[in-house]
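Colleague: Sending over start_6.cif (mmCIF, C-alpha atoms).
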```
data_start
#
loop_
_atom_site.label_atom_id
_atom_site.label_comp_id
_atom_site.auth_asym_id
_atom_site.auth_seq_id
_atom_site.Cartn_x
_atom_site.Cartn_y
_atom_site.Cartn_z
CA MET S 17 6.93 -77.90 -24.09
CA SER S 18 7.28 -77.47 -20.34
CA ALA S 19 10.84 -76.18 -20.70
CA VAL S 20 9.60 -73.44 -22.98
CA GLU S 21 6.83 -72.48 -20.61
CA THR S 22 9.08 -72.16 -17.58
CA LYS S 23 11.47 -69.99 -19.56
CA VAL S 24 8.65 -67.67 -20.45
CA GLN S 25 7.44 -67.49 -16.88
CA GLU S 26 10.86 -66.63 -15.50
CA ALA S 27 11.14 -63.79 -17.96
CA LYS S 28 7.78 -62.32 -16.98
CA PRO S 29 8.81 -59.43 -14.76
CA LEU S 30 11.27 -58.22 -17.37
CA LEU S 31 8.71 -57.85 -20.10
CA SER S 32 5.75 -55.59 -20.60
CA LYS S 33 2.36 -57.09 -21.31
CA LYS S 34 2.68 -56.49 -25.04
CA ASP S 35 6.08 -58.14 -25.21
CA ARG S 36 4.78 -61.12 -23.30
CA ALA S 37 1.96 -61.50 -25.79
CA LEU S 38 4.54 -61.58 -28.59
CA LEU S 39 6.25 -64.49 -26.89
CA VAL S 40 3.29 -66.48 -25.66
CA ASP S 41 0.65 -66.07 -28.36
CA PRO S 42 2.46 -68.13 -31.00
CA LEU S 43 2.69 -71.07 -28.58
CA SER S 44 -1.03 -71.80 -28.82
CA ASP S 45 -3.49 -69.09 -29.86
CA ASN S 46 -1.49 -67.99 -32.87
CA ASN S 47 0.62 -71.08 -33.45
CA PRO S 48 2.52 -70.91 -36.74
CA ILE S 49 1.72 -74.51 -37.68
CA THR S 50 -1.80 -75.21 -36.45
CA ILE S 51 -3.34 -71.74 -36.82
CA GLN S 52 -1.28 -69.74 -39.31
CA VAL S 53 -0.56 -72.92 -41.35
CA LEU S 54 3.03 -71.96 -42.11
CA GLY S 55 6.12 -74.09 -42.37
CA ILE S 56 4.38 -77.42 -42.79
CA CYS S 57 6.68 -78.31 -45.67
CA SER S 58 9.83 -79.21 -43.81
CA ALA S 59 8.13 -79.72 -40.46
CA LEU S 60 6.68 -83.12 -41.20
CA ALA S 61 9.35 -84.91 -43.16
CA VAL S 62 11.97 -84.79 -40.42
CA THR S 63 9.79 -85.97 -37.55
CA THR S 64 10.28 -89.76 -37.58
CA GLN S 65 12.81 -89.48 -34.74
CA LEU S 66 13.33 -86.98 -31.94
CA LYS S 67 17.03 -86.30 -32.47
CA PRO S 68 16.94 -84.90 -36.02
CA THR S 69 13.74 -83.08 -35.12
CA MET S 70 15.50 -81.39 -32.23
CA VAL S 71 18.36 -80.32 -34.50
CA MET S 72 15.87 -79.07 -37.07
CA ALA S 73 13.94 -77.08 -34.45
CA ILE S 74 17.12 -75.45 -33.17
CA SER S 75 18.28 -74.63 -36.70
CA VAL S 76 14.95 -73.06 -37.61
CA MET S 77 14.97 -71.10 -34.36
CA ALA S 78 18.45 -69.73 -35.07
CA VAL S 79 17.53 -68.74 -38.63
CA VAL S 80 14.22 -67.13 -37.69
CA VAL S 81 15.65 -65.13 -34.79
CA LEU S 82 18.74 -63.92 -36.64
CA SER S 83 16.95 -63.10 -39.89
CA ASN S 84 14.17 -61.27 -38.04
CA PHE S 85 16.81 -59.25 -36.20
CA VAL S 86 18.84 -58.39 -39.31
CA VAL S 87 15.86 -57.52 -41.47
CA SER S 88 14.37 -55.43 -38.72
CA LEU S 89 17.66 -53.51 -38.40
CA ILE S 90 17.78 -52.62 -42.09
CA ARG S 91 14.02 -52.44 -42.66
CA ASN S 92 14.10 -48.76 -43.58
CA LEU S 93 16.86 -49.26 -46.13
CA ILE S 94 15.14 -52.01 -48.14
CA PRO S 95 13.24 -50.74 -51.19
CA SER S 96 9.87 -52.45 -51.06
CA ARG S 97 9.98 -53.57 -54.70
CA ILE S 98 12.96 -55.85 -54.18
CA ARG S 99 12.33 -56.78 -50.56
CA ILE S 100 11.65 -60.47 -51.30
CA ILE S 101 15.05 -60.91 -52.95
CA VAL S 102 16.80 -59.07 -50.12
CA GLN S 103 15.04 -61.23 -47.53
CA LEU S 104 15.82 -64.42 -49.41
CA THR S 105 19.50 -63.44 -49.62
CA ILE S 106 19.71 -62.80 -45.88
CA ILE S 107 17.90 -66.05 -45.10
CA SER S 108 20.04 -68.13 -47.43
CA ILE S 109 23.27 -66.74 -45.98
CA LEU S 110 22.08 -67.76 -42.52
CA VAL S 111 20.96 -71.17 -43.73
CA ILE S 112 24.33 -71.77 -45.41
CA LEU S 113 26.02 -71.00 -42.08
CA VAL S 114 23.69 -73.37 -40.23
CA ASP S 115 24.27 -76.09 -42.82
CA GLN S 116 28.07 -75.74 -42.60
CA LEU S 117 27.92 -75.89 -38.80
CA LEU S 118 25.74 -79.01 -38.87
CA GLN S 119 28.07 -80.70 -41.34
CA ALA S 120 31.04 -79.86 -39.15
CA TYR S 121 29.67 -80.92 -35.77
CA VAL S 122 26.77 -83.37 -36.24
CA TYR S 123 27.50 -84.92 -39.61
CA ASP S 124 25.23 -87.98 -39.24
CA VAL S 125 22.19 -85.87 -38.36
CA SER S 126 22.97 -83.47 -41.19
CA LYS S 127 23.01 -86.44 -43.61
CA GLN S 128 19.69 -87.61 -42.18
CA LEU S 129 18.08 -84.20 -42.65
CA SER S 130 19.53 -84.05 -46.20
CA VAL S 131 17.73 -81.45 -48.29
CA PHE S 132 15.53 -80.25 -45.47
CA VAL S 133 18.21 -78.02 -43.99
CA GLY S 134 18.36 -76.17 -47.30
CA LEU S 135 14.59 -76.01 -47.36
CA ILE S 136 14.60 -73.80 -44.25
CA ILE S 137 15.13 -71.02 -46.83
CA THR S 138 11.65 -71.53 -48.19
CA ASN S 139 10.13 -72.39 -44.83
CA CYS S 140 7.12 -70.13 -44.81
CA ILE S 141 7.58 -69.29 -41.13
CA VAL S 142 10.79 -67.43 -41.84
CA MET S 143 9.41 -65.41 -44.75
CA GLY S 144 6.07 -65.02 -43.04
CA ARG S 145 7.56 -63.47 -39.90
CA LEU S 146 9.84 -61.21 -41.91
CA GLU S 147 6.96 -59.93 -44.02
CA ALA S 148 4.40 -59.71 -41.26
CA PHE S 149 6.52 -58.46 -38.39
CA ALA S 150 10.18 -57.59 -38.89
CA MET S 151 9.54 -55.26 -41.83
CA ALA S 152 7.40 -53.02 -39.63
CA ASN S 153 8.86 -53.28 -36.13
CA LYS S 154 11.96 -52.42 -34.11
CA PRO S 155 14.68 -55.08 -33.56
CA GLY S 156 13.73 -55.77 -29.92
CA PRO S 157 10.11 -56.82 -30.45
CA SER S 158 11.14 -58.58 -33.66
CA ILE S 159 13.46 -60.87 -31.74
CA LEU S 160 10.71 -61.67 -29.21
CA ASP S 161 8.27 -62.37 -32.02
CA ALA S 162 10.81 -64.65 -33.69
CA ILE S 163 11.52 -66.55 -30.47
CA GLY S 164 7.80 -66.98 -29.82
CA ASN S 165 7.02 -68.23 -33.29
CA SER S 166 9.94 -70.58 -33.58
CA ALA S 167 9.14 -71.99 -30.12
CA GLY S 168 5.56 -72.53 -31.29
CA TYR S 169 6.93 -74.36 -34.32
CA ALA S 170 9.42 -76.31 -32.22
CA TRP S 171 6.95 -77.71 -29.72
CA ILE S 172 4.58 -78.89 -32.42
CA ILE S 173 7.24 -80.73 -34.38
CA LEU S 174 8.73 -82.15 -31.17
CA ALA S 175 5.29 -83.38 -30.13
CA VAL S 176 4.81 -85.00 -33.53
CA ALA S 177 8.27 -86.60 -33.36
CA PHE S 178 7.61 -87.83 -29.81
CA ALA S 179 4.41 -89.59 -30.89
CA ARG S 180 5.95 -90.97 -34.06
CA GLU S 181 9.12 -92.32 -32.46
CA LEU S 182 7.31 -93.73 -29.42
CA PHE S 183 4.56 -95.54 -31.29
CA GLY S 184 6.49 -96.17 -34.48
CA SER S 185 9.64 -97.71 -33.08
CA GLY S 186 9.14 -97.87 -29.30
CA LYS S 187 12.07 -95.53 -28.70
CA LEU S 188 12.78 -91.99 -27.54
CA PHE S 189 15.98 -90.27 -28.67
CA GLY S 190 17.11 -93.69 -29.93
CA PHE S 191 16.71 -95.41 -26.56
CA GLN S 192 14.15 -98.14 -26.20
CA VAL S 193 11.43 -97.10 -23.73
CA ILE S 194 8.82 -99.77 -24.30
CA PRO S 195 10.05 -102.77 -22.29
CA ASP S 196 10.77 -106.10 -23.96
CA ALA S 197 8.08 -107.72 -21.82
CA PHE S 198 5.45 -105.77 -23.77
CA TYR S 199 6.73 -107.12 -27.07
CA GLU S 200 6.70 -110.65 -25.65
CA MET S 201 3.07 -110.16 -24.68
CA GLY S 202 2.31 -109.36 -28.30
CA TYR S 203 2.68 -105.58 -28.51
CA VAL S 204 3.64 -104.50 -32.01
CA ASN S 205 5.09 -101.20 -33.16
CA ASN S 206 2.75 -99.17 -35.32
CA GLY S 207 4.31 -99.03 -38.77
CA LEU S 208 1.85 -96.33 -39.87
CA MET S 209 3.72 -93.82 -37.72
CA LEU S 210 6.92 -94.28 -39.70
CA ILE S 211 5.50 -93.60 -43.14
CA PRO S 212 4.97 -89.99 -44.27
CA ALA S 213 1.19 -90.25 -43.84
CA GLY S 214 1.65 -90.90 -40.12
CA ALA S 215 2.91 -87.36 -39.59
CA LEU S 216 -0.20 -85.94 -41.25
CA PHE S 217 -2.49 -87.96 -38.99
CA VAL S 218 -0.62 -86.93 -35.84
CA ILE S 219 -0.79 -83.26 -36.75
CA ALA S 220 -4.46 -83.57 -37.65
CA ILE S 221 -5.09 -85.00 -34.19
CA ILE S 222 -3.19 -82.10 -32.57
CA ILE S 223 -5.33 -79.65 -34.55
CA TRP S 224 -8.46 -81.57 -33.60
CA ILE S 225 -7.60 -81.41 -29.87
CA GLN S 226 -6.67 -77.74 -30.04
CA ARG S 227 -9.85 -76.75 -31.83
CA SER S 228 -12.08 -78.82 -29.55
CA ILE S 229 -10.62 -77.01 -26.53
CA ASN S 230 -10.74 -73.61 -28.14
CA GLN S 231 -13.82 -73.44 -30.31
CA LYS S 232 -13.13 -70.01 -31.79
CA PHE S 233 -10.71 -71.59 -34.27
CA GLU S 234 -13.31 -73.86 -35.83
CA GLU S 235 -13.87 -73.30 -39.53
CA ALA S 236 -17.35 -73.13 -40.95
CA MET F 108 16.91 -96.57 -76.56
CA PHE F 109 18.28 -97.46 -73.17
CA LEU F 110 18.53 -93.77 -72.31
CA ALA F 111 14.91 -93.10 -73.24
CA ALA F 112 13.72 -95.93 -71.00
CA ASP F 113 15.79 -94.49 -68.20
CA LEU F 114 14.24 -91.06 -68.63
CA ILE F 115 10.69 -92.42 -68.72
CA SER F 116 11.43 -94.33 -65.54
CA ILE F 117 12.62 -91.16 -63.77
CA PHE F 118 9.58 -89.25 -65.05
CA VAL F 119 7.05 -91.80 -63.80
CA LYS F 120 8.92 -92.28 -60.54
CA SER F 121 8.97 -88.57 -59.78
CA ILE F 122 5.23 -88.31 -60.43
CA PHE F 123 4.00 -91.30 -58.46
CA VAL F 124 6.61 -92.86 -56.18
CA ASP F 125 8.59 -89.77 -55.13
CA ASN F 126 5.62 -87.44 -55.27
CA MET F 127 6.61 -84.04 -53.89
CA ILE F 128 3.56 -83.80 -51.65
CA PHE F 129 2.91 -87.34 -50.55
CA ALA F 130 6.47 -88.55 -50.06
CA TYR F 131 8.30 -85.36 -49.03
CA PHE F 132 5.64 -82.83 -47.97
CA LEU F 133 7.18 -80.19 -50.20
CA GLY F 134 5.06 -77.23 -51.20
CA MET F 135 2.53 -77.94 -48.47
CA CYS F 136 1.95 -74.26 -47.68
CA SER F 137 0.52 -73.31 -51.04
CA TYR F 138 -0.99 -76.79 -51.36
CA LEU F 139 -3.13 -76.10 -48.30
CA ALA F 140 -3.80 -72.44 -49.04
CA VAL F 141 -4.76 -72.61 -52.73
CA SER F 142 -6.70 -75.88 -52.85
CA LYS F 143 -10.17 -74.50 -52.19
CA ASN F 144 -11.31 -74.75 -55.80
CA VAL F 145 -10.19 -76.78 -58.78
CA LYS F 146 -9.72 -73.95 -61.25
CA THR F 147 -7.17 -71.99 -59.24
CA ALA F 148 -5.50 -75.26 -58.26
CA ILE F 149 -4.95 -76.07 -61.94
CA GLY F 150 -3.53 -72.57 -62.50
CA LEU F 151 -1.04 -72.83 -59.66
CA GLY F 152 -0.17 -76.41 -60.58
CA ALA F 153 0.57 -75.43 -64.18
CA ALA F 154 2.78 -72.58 -62.98
CA VAL F 155 4.69 -75.00 -60.73
CA VAL F 156 5.25 -77.48 -63.59
CA PHE F 157 6.51 -74.64 -65.74
CA VAL F 158 8.88 -73.14 -63.17
CA LEU F 159 10.22 -76.53 -61.99
CA GLY F 160 10.78 -77.53 -65.62
CA ILE F 161 13.05 -74.55 -66.25
CA THR F 162 14.73 -73.95 -62.89
CA VAL F 163 15.99 -77.50 -62.32
CA PRO F 164 18.00 -77.64 -65.59
CA ILE F 165 19.25 -74.06 -65.12
CA ASN F 166 20.42 -74.88 -61.62
CA TRP F 167 22.01 -78.05 -62.98
CA LEU F 168 24.03 -75.97 -65.45
CA LEU F 169 24.98 -73.56 -62.70
CA LEU F 170 26.04 -76.38 -60.41
CA ASN F 171 28.11 -78.17 -63.02
CA THR F 172 29.77 -75.21 -64.73
CA VAL F 173 30.37 -72.91 -61.79
CA LEU F 174 29.91 -74.44 -58.37
CA LYS F 175 31.28 -77.99 -58.34
CA GLU F 176 34.89 -78.67 -57.51
CA GLY F 177 36.96 -78.51 -60.67
CA SER F 178 34.15 -77.12 -62.78
CA LEU F 179 35.78 -73.70 -63.02
CA ALA F 180 38.80 -75.20 -64.79
CA TRP F 181 37.50 -73.83 -68.10
CA ILE F 182 38.45 -70.31 -67.00
CA SER F 183 41.99 -71.13 -66.03
CA PRO F 184 43.64 -74.29 -64.70
CA SER F 185 44.45 -72.52 -61.44
CA PHE F 186 40.75 -72.55 -60.55
CA ALA F 187 40.60 -76.34 -60.78
CA GLU F 188 40.61 -76.76 -57.02
CA VAL F 189 37.96 -74.17 -56.21
CA ASP F 190 34.91 -75.78 -54.62
CA LEU F 191 31.92 -73.48 -54.33
CA THR F 192 29.22 -76.05 -53.59
CA PHE F 193 28.52 -74.41 -50.23
CA LEU F 194 27.09 -71.49 -52.21
CA ALA F 195 24.51 -73.77 -53.83
CA PHE F 196 21.59 -72.65 -51.63
CA ILE F 197 21.98 -68.97 -52.35
CA MET F 198 22.59 -69.50 -56.08
CA PHE F 199 19.59 -71.80 -56.40
CA ILE F 200 17.23 -69.46 -54.63
CA ALA F 201 18.52 -66.49 -56.63
CA THR F 202 17.91 -68.40 -59.88
CA ILE F 203 14.42 -69.35 -58.76
CA ALA F 204 13.48 -65.83 -57.65
CA SER F 205 14.79 -64.23 -60.83
CA MET F 206 13.30 -66.90 -63.11
CA THR F 207 9.85 -66.47 -61.61
CA GLN F 208 10.19 -62.71 -62.04
CA LEU F 209 11.32 -63.15 -65.63
CA VAL F 210 8.63 -65.67 -66.47
CA GLU F 211 6.04 -63.33 -65.00
CA MET F 212 7.25 -60.45 -67.18
CA VAL F 213 7.42 -62.56 -70.33
CA ILE F 214 3.93 -64.00 -69.85
CA GLU F 215 2.54 -60.54 -69.16
CA LYS F 216 3.94 -59.26 -72.48
CA VAL F 217 3.26 -62.31 -74.67
CA SER F 218 -0.05 -63.61 -73.43
CA PRO F 219 -2.15 -61.31 -71.25
CA ALA F 220 -4.89 -63.96 -71.08
CA LEU F 221 -2.54 -66.55 -69.57
CA TYR F 222 -1.16 -63.85 -67.29
CA GLY F 223 -4.65 -63.17 -66.02
CA SER F 224 -5.06 -66.75 -64.90
CA LEU F 225 -1.46 -67.61 -63.93
CA GLY F 226 0.13 -64.29 -63.09
CA ILE F 227 -1.04 -63.92 -59.52
CA PHE F 228 0.48 -67.28 -58.61
CA LEU F 229 3.96 -66.67 -59.95
CA PRO F 230 5.29 -64.53 -57.07
CA LEU F 231 3.96 -67.17 -54.66
CA ILE F 232 6.05 -69.78 -56.37
CA ALA F 233 9.42 -68.25 -55.49
CA VAL F 234 8.89 -69.40 -51.92
CA ASN F 235 7.25 -72.73 -52.75
CA CYS F 236 9.38 -75.43 -51.12
CA SER F 237 8.85 -77.88 -53.96
CA ILE F 238 10.76 -75.65 -56.40
CA LEU F 239 13.88 -75.34 -54.24
CA GLY F 240 13.38 -78.96 -53.17
CA GLY F 241 13.53 -80.05 -56.82
CA SER F 242 16.89 -78.37 -57.29
CA LEU F 243 18.28 -79.76 -54.04
CA PHE F 244 17.17 -83.31 -54.86
CA MET F 245 18.77 -82.87 -58.28
CA GLN F 246 22.05 -81.98 -56.56
CA GLU F 247 21.81 -84.82 -54.05
CA ARG F 248 21.00 -87.50 -56.63
CA ASP F 249 23.66 -86.53 -59.16
CA TYR F 250 21.42 -86.46 -62.22
CA THR F 251 22.66 -85.73 -65.75
CA LEU F 252 21.21 -82.72 -67.57
CA SER F 253 18.50 -84.66 -69.40
CA GLU F 254 17.61 -86.58 -66.26
CA ALA F 255 17.41 -83.33 -64.30
CA THR F 256 15.03 -81.78 -66.85
CA VAL F 257 12.77 -84.83 -66.85
CA PHE F 258 12.89 -85.00 -63.06
CA GLY F 259 11.89 -81.32 -62.79
CA LEU F 260 8.93 -81.75 -65.14
CA GLY F 261 7.86 -85.00 -63.48
CA SER F 262 7.91 -83.55 -59.96
CA GLY F 263 5.89 -80.61 -61.22
CA VAL F 264 3.28 -82.87 -62.78
CA GLY F 265 3.14 -84.91 -59.56
CA TRP F 266 2.49 -81.74 -57.59
CA LEU F 267 -0.18 -80.64 -60.08
CA ILE F 268 -1.97 -83.98 -59.76
CA ALA F 269 -1.85 -83.78 -55.97
CA ILE F 270 -3.22 -80.24 -55.69
CA VAL F 271 -5.98 -80.78 -58.27
CA ALA F 272 -7.05 -83.99 -56.54
CA ILE F 273 -7.19 -82.41 -53.08
CA ALA F 274 -9.05 -79.37 -54.44
CA ALA F 275 -11.67 -81.62 -56.02
CA ILE F 276 -12.06 -83.59 -52.79
CA ARG F 277 -12.33 -80.42 -50.72
CA MET F 278 -15.10 -79.12 -52.97
CA LYS F 279 -17.04 -82.36 -52.44
CA ILE F 280 -16.40 -82.57 -48.73
CA ARG F 281 -18.21 -79.30 -48.09
CA TYR F 282 -21.42 -81.30 -48.18
CA SER F 283 -20.22 -83.90 -45.69
CA ASP F 284 -20.79 -83.93 -41.96
CA VAL F 285 -17.25 -83.55 -40.66
CA PRO F 286 -16.81 -83.12 -36.86
CA LYS F 287 -16.66 -79.37 -36.27
CA PRO F 288 -13.13 -79.01 -34.86
CA LEU F 289 -11.76 -81.04 -37.76
CA ARG F 290 -13.32 -78.93 -40.49
CA GLY F 291 -10.99 -77.17 -42.88
CA LEU F 292 -7.39 -77.78 -41.96
CA GLY F 293 -7.72 -80.96 -39.90
CA ILE F 294 -9.67 -82.98 -42.40
CA THR F 295 -7.41 -81.79 -45.22
CA PHE F 296 -4.42 -83.24 -43.40
CA ILE F 297 -6.19 -86.55 -42.90
CA ILE F 298 -7.25 -86.75 -46.56
CA THR F 299 -3.70 -85.95 -47.64
CA GLY F 300 -2.46 -88.75 -45.42
CA LEU F 301 -4.93 -91.21 -46.94
CA MET F 302 -3.96 -90.12 -50.45
CA GLY F 303 -0.33 -90.60 -49.45
CA ILE F 304 -1.07 -94.16 -48.43
CA ALA F 305 -2.79 -94.73 -51.76
CA PHE F 306 0.24 -93.37 -53.58
CA MET F 307 2.47 -95.71 -51.59
CA SER F 308 1.04 -98.59 -53.56
CA PHE F 309 3.23 -97.39 -56.44
CA LEU F 310 6.32 -98.02 -54.33
CA GLY F 311 7.35 -101.42 -55.60
CA ILE F 312 7.03 -100.51 -59.25
CA ASN F 313 10.23 -100.84 -61.26
CA LEU F 314 10.23 -99.68 -64.84
#
```
Any chance you could give the structure as structure tokens?
Modeller:
Amino acid sequence: MSAVETKVQEAKPLLSKKDRALLVDPLSDNNPITIQVLGICSALAVTTQLKPTMVMAISVMAVVVLSNFVVSLIRNLIPSRIRIIVQLTIISILVILVDQLLQAYVYDVSKQLSVFVGLIITNCIVMGRLEAFAMANKPGPSILDAIGNSAGYAWIILAVAFARELFGSGKLFGFQVIPDAFYEMGYVNNGLMLIPAGALFVIAIIIWIQRSINQKFEEA
Amino acid sequence: MFLAADLISIFVKSIFVDNMIFAYFLGMCSYLAVSKNVKTAIGLGAAVVFVLGITVPINWLLLNTVLKEGSLAWISPSFAEVDLTFLAFIMFIATIASMTQLVEMVIEKVSPALYGSLGIFLPLIAVNCSILGGSLFMQERDYTLSEATVFGLGSGVGWLIAIVAIAAIRMKIRYSDVPKPLRGLGITFIITGLMGIAFMSFLGINL
């Protein structure tokens, strides 16, 4: 999360206030996962370990940014009746490219992610940003919006993966971080974190924290 | 007889053990958005069963007659080495998008009453992860045609059960004193997690 923040801060002088809002808002106030409730589908299943989650976050980022850019370029040429099909075609071409690249360079991770790479196509964040932003805005702002939203998505799933890998198997990126002495004293890994339900609890806690800090998001 | 037992096993497994929502989180977006009351949940669930039941076998046919290596040999032997499986994503999603469109048109013509209750959900379904997920799992697990059909229907029914159950719970929970920041989304996640744990008790079952 901190890496993302510093990047945004460095870029500050380059961007107008509006552009900065496009980048920063999705990180917390308009987060795609916790506020807009998009892209939960593939977000949770891949988060048992940090490494595949990282790959997933980067893949989603690439697809969102590129598809937002392309759709925004041709937005005036797309007839609105068939826009969903056009968008899906663009997205699936990009996802096929991502999938082929993953299979070529990080085969083991690609096997681990299995169907979830393909499911980026129906990840609601991609479609949601295309519909809500790229169809109505110029390429420049569309790219910023895409970067902001995918970064918002990325830090949530990385946070979930961090908690799940740390408490579930005592490791980070596959390296053991909880010392053996702890285990000898009777510390036990929390198996709940490794089952699918663990992801739901972690994300519920993130939402709980966020809404306690910022009460305007509370639902009646 | 052996085949029938096999199919029933796949059907039950895809409903309970490999439930789309509780084991793979597929279709969570519409699951969270459309689970505020039971009636609409049943409508969307029925549409999902329907679309999964037809798209999985159609995509199976597509995969095995056009895309897989060697499957184009029926056109001419020189095509025997063509492997188009990398096009699977785009073909699957095209099938799903056009099938939902087609189904919507057919229902509108044949049964306006059903269209009234189901129609608004059909466009939503094209981007429901569980539909594409069904086809991708079918490809990964190498099912036969009959297995694929049964798997599609079973996953759909599993999804229907999940969304109807959560909708019913959400209607009840309105009267409970949930901590304010958890209301709505947060508590729904926690309930889904608990239901997932309950569904895990089906794990060891072998039919």
Colleague: Any idea which chain S residues end up within 8 Å of chain F if we count all atoms listed in the file, as a short mmCIF file (atom, residue, chain, number, x, y, z; two decimals) with C-alpha atoms, keeping the file's coordinate frame please?
Modeller:
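Generated file (selection-v1.cif):
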```
data_model
loop_
_atom_site.label_atom_id
_atom_site.label_comp_id
_atom_site.auth_asym_id
_atom_site.auth_seq_id
_atom_site.Cartn_x
_atom_site.Cartn_y
_atom_site.Cartn_z
CA VAL S 53 -0.56 -72.92 -41.35
CA LEU S 54 3.03 -71.96 -42.11
CA GLY S 55 6.12 -74.09 -42.37
CA ILE S 56 4.38 -77.42 -42.79
CA CYS S 57 6.68 -78.31 -45.67
CA SER S 58 9.83 -79.21 -43.81
CA LEU S 60 6.68 -83.12 -41.20
CA ALA S 61 9.35 -84.91 -43.16
CA ILE S 101 15.05 -60.91 -52.95
CA LEU S 104 15.82 -64.42 -49.41
CA THR S 105 19.50 -63.44 -49.62
CA SER S 108 20.04 -68.13 -47.43
CA ILE S 109 23.27 -66.74 -45.98
CA ILE S 112 24.33 -71.77 -45.41
CA GLN S 116 28.07 -75.74 -42.60
CA VAL S 131 17.73 -81.45 -48.29
CA GLY S 134 18.36 -76.17 -47.30
CA LEU S 135 14.59 -76.01 -47.36
CA THR S 138 11.65 -71.53 -48.19
CA ASN S 139 10.13 -72.39 -44.83
CA CYS S 140 7.12 -70.13 -44.81
CA PRO S 212 4.97 -89.99 -44.27
CA ALA S 213 1.19 -90.25 -43.84
CA GLY S 214 1.65 -90.90 -40.12
CA LEU S 216 -0.20 -85.94 -41.25
CA PHE S 217 -2.49 -87.96 -38.99
CA ILE S 219 -0.79 -83.26 -36.75
CA ALA S 220 -4.46 -83.57 -37.65
CA ILE S 221 -5.09 -85.00 -34.19
CA ILE S 223 -5.33 -79.65 -34.55
CA TRP S 224 -8.46 -81.57 -33.60
CA ILE S 225 -7.60 -81.41 -29.87
CA ARG S 227 -9.85 -76.75 -31.83
CA SER S 228 -12.08 -78.82 -29.55
CA GLN S 231 -13.82 -73.44 -30.31
CA PHE S 233 -10.71 -71.59 -34.27
CA GLU S 234 -13.31 -73.86 -35.83
CA GLU S 235 -13.87 -73.30 -39.53
CA ALA S 236 -17.35 -73.13 -40.95
#
```
Colleague: I would like the residues chosen by the PyMOL selection byres ((chain F and resi 256) around 10) on the shown file; could you give them as an mmCIF file with C-alpha atoms, in the frame of the given file?
Modeller:
```cif
data_model
loop_
_atom_site.group_PDB
_atom_site.id
_atom_site.type_symbol
_atom_site.label_atom_id
_atom_site.label_comp_id
_atom_site.auth_asym_id
_atom_site.auth_seq_id
_atom_site.Cartn_x
_atom_site.Cartn_y
_atom_site.Cartn_z
ATOM 1 C CA LEU F 114 14.240 -91.060 -68.630
ATOM 2 C CA PHE F 118 9.580 -89.250 -65.050
ATOM 3 C CA LEU F 159 10.220 -76.530 -61.990
ATOM 4 C CA GLY F 160 10.780 -77.530 -65.620
ATOM 5 C CA ILE F 161 13.050 -74.550 -66.250
ATOM 6 C CA THR F 162 14.730 -73.950 -62.890
ATOM 7 C CA VAL F 163 15.990 -77.500 -62.320
ATOM 8 C CA PRO F 164 18.000 -77.640 -65.590
ATOM 9 C CA ILE F 165 19.250 -74.060 -65.120
ATOM 10 C CA TRP F 167 22.010 -78.050 -62.980
ATOM 11 C CA MET F 245 18.770 -82.870 -58.280
ATOM 12 C CA TYR F 250 21.420 -86.460 -62.220
ATOM 13 C CA THR F 251 22.660 -85.730 -65.750
ATOM 14 C CA LEU F 252 21.210 -82.720 -67.570
ATOM 15 C CA SER F 253 18.500 -84.660 -69.400
ATOM 16 C CA GLU F 254 17.610 -86.580 -66.260
ATOM 17 C CA ALA F 255 17.410 -83.330 -64.300
ATOM 18 C CA VAL F 257 12.770 -84.830 -66.850
ATOM 19 C CA PHE F 258 12.890 -85.000 -63.060
ATOM 20 C CA GLY F 259 11.890 -81.320 -62.790
ATOM 21 C CA LEU F 260 8.930 -81.750 -65.140
ATOM 22 C CA GLY F 261 7.860 -85.000 -63.480
#
```
Colleague: Could you spell out the hits of the PyMOL selection byres ((chain S and resi 172-185) around 8) on the shown file, as number ranges by chain?
Modeller: S: 49, 59-60, 63-66, 69-70, 73, 168-171, 186-188, 193, 205-210, 214-215, 218-219
Colleague: Using the chain letters and numbers from the file, give me the residues hit by the PyMOL selection byres ((chain F and resi 143) around 9), as a list in words.
Modeller: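 The output of the PyMOL selection byres ((chain F and resi 143) around 9) on this file is Leu139, Ala140, Val141, Ser142, Asn144, Val145, Thr147, Ala148, Ile273, Ala274, Ala275, Arg277 and Met278 of chain F.
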Colleague: For a test of reading the model, state the distance in Å between atom CA of Gly177 of chain F and atom CA of Ile117 of chain F, rounded to one decimal.
Modeller: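 Between atom CA of Gly177 of chain F and atom CA of Ile117 of chain F the gap is 27.6 Å.
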Colleague: When you look at Ser262 of chain F with a cut-off of 7 Å (counting only C-alpha atoms), what residues show up, excluding the ones that are within fewer than 4 positions of it in the same chain? I need them as JSON, numbers by chain.
Modeller: {"F": [121, 122, 126, 127, 258, 266]}
Colleague: Dump C-alpha atoms for the selected residues as a tab-separated table (two decimals), in the frame of the given file?
Modeller:
```tsv
chain	number	residue	atom	x	y	z
F	121	SER	CA	8.97	-88.57	-59.78
F	122	ILE	CA	5.23	-88.31	-60.43
F	126	ASN	CA	5.62	-87.44	-55.27
F	127	MET	CA	6.61	-84.04	-53.89
F	258	PHE	CA	12.89	-85.00	-63.06
F	266	TRP	CA	2.49	-81.74	-57.59
```
Colleague: Can you measure atom CA of Ile163 of chain S to atom CA of Val81 of chain S for me? One decimal in Å is fine.
Modeller: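 Rounded to one decimal, the two atoms are 6.1 Å apart.
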Colleague: Identify, on the basis of all atoms listed in the file, every residue whose closest approach to Ala37 of chain S does not exceed 12 Å; exclude the query and any residue fewer than 2 positions from it along the same chain; express the result as a ChimeraX atom specification.
Modeller: /S:24,28,31-35,39-46,157,160-161,163-165
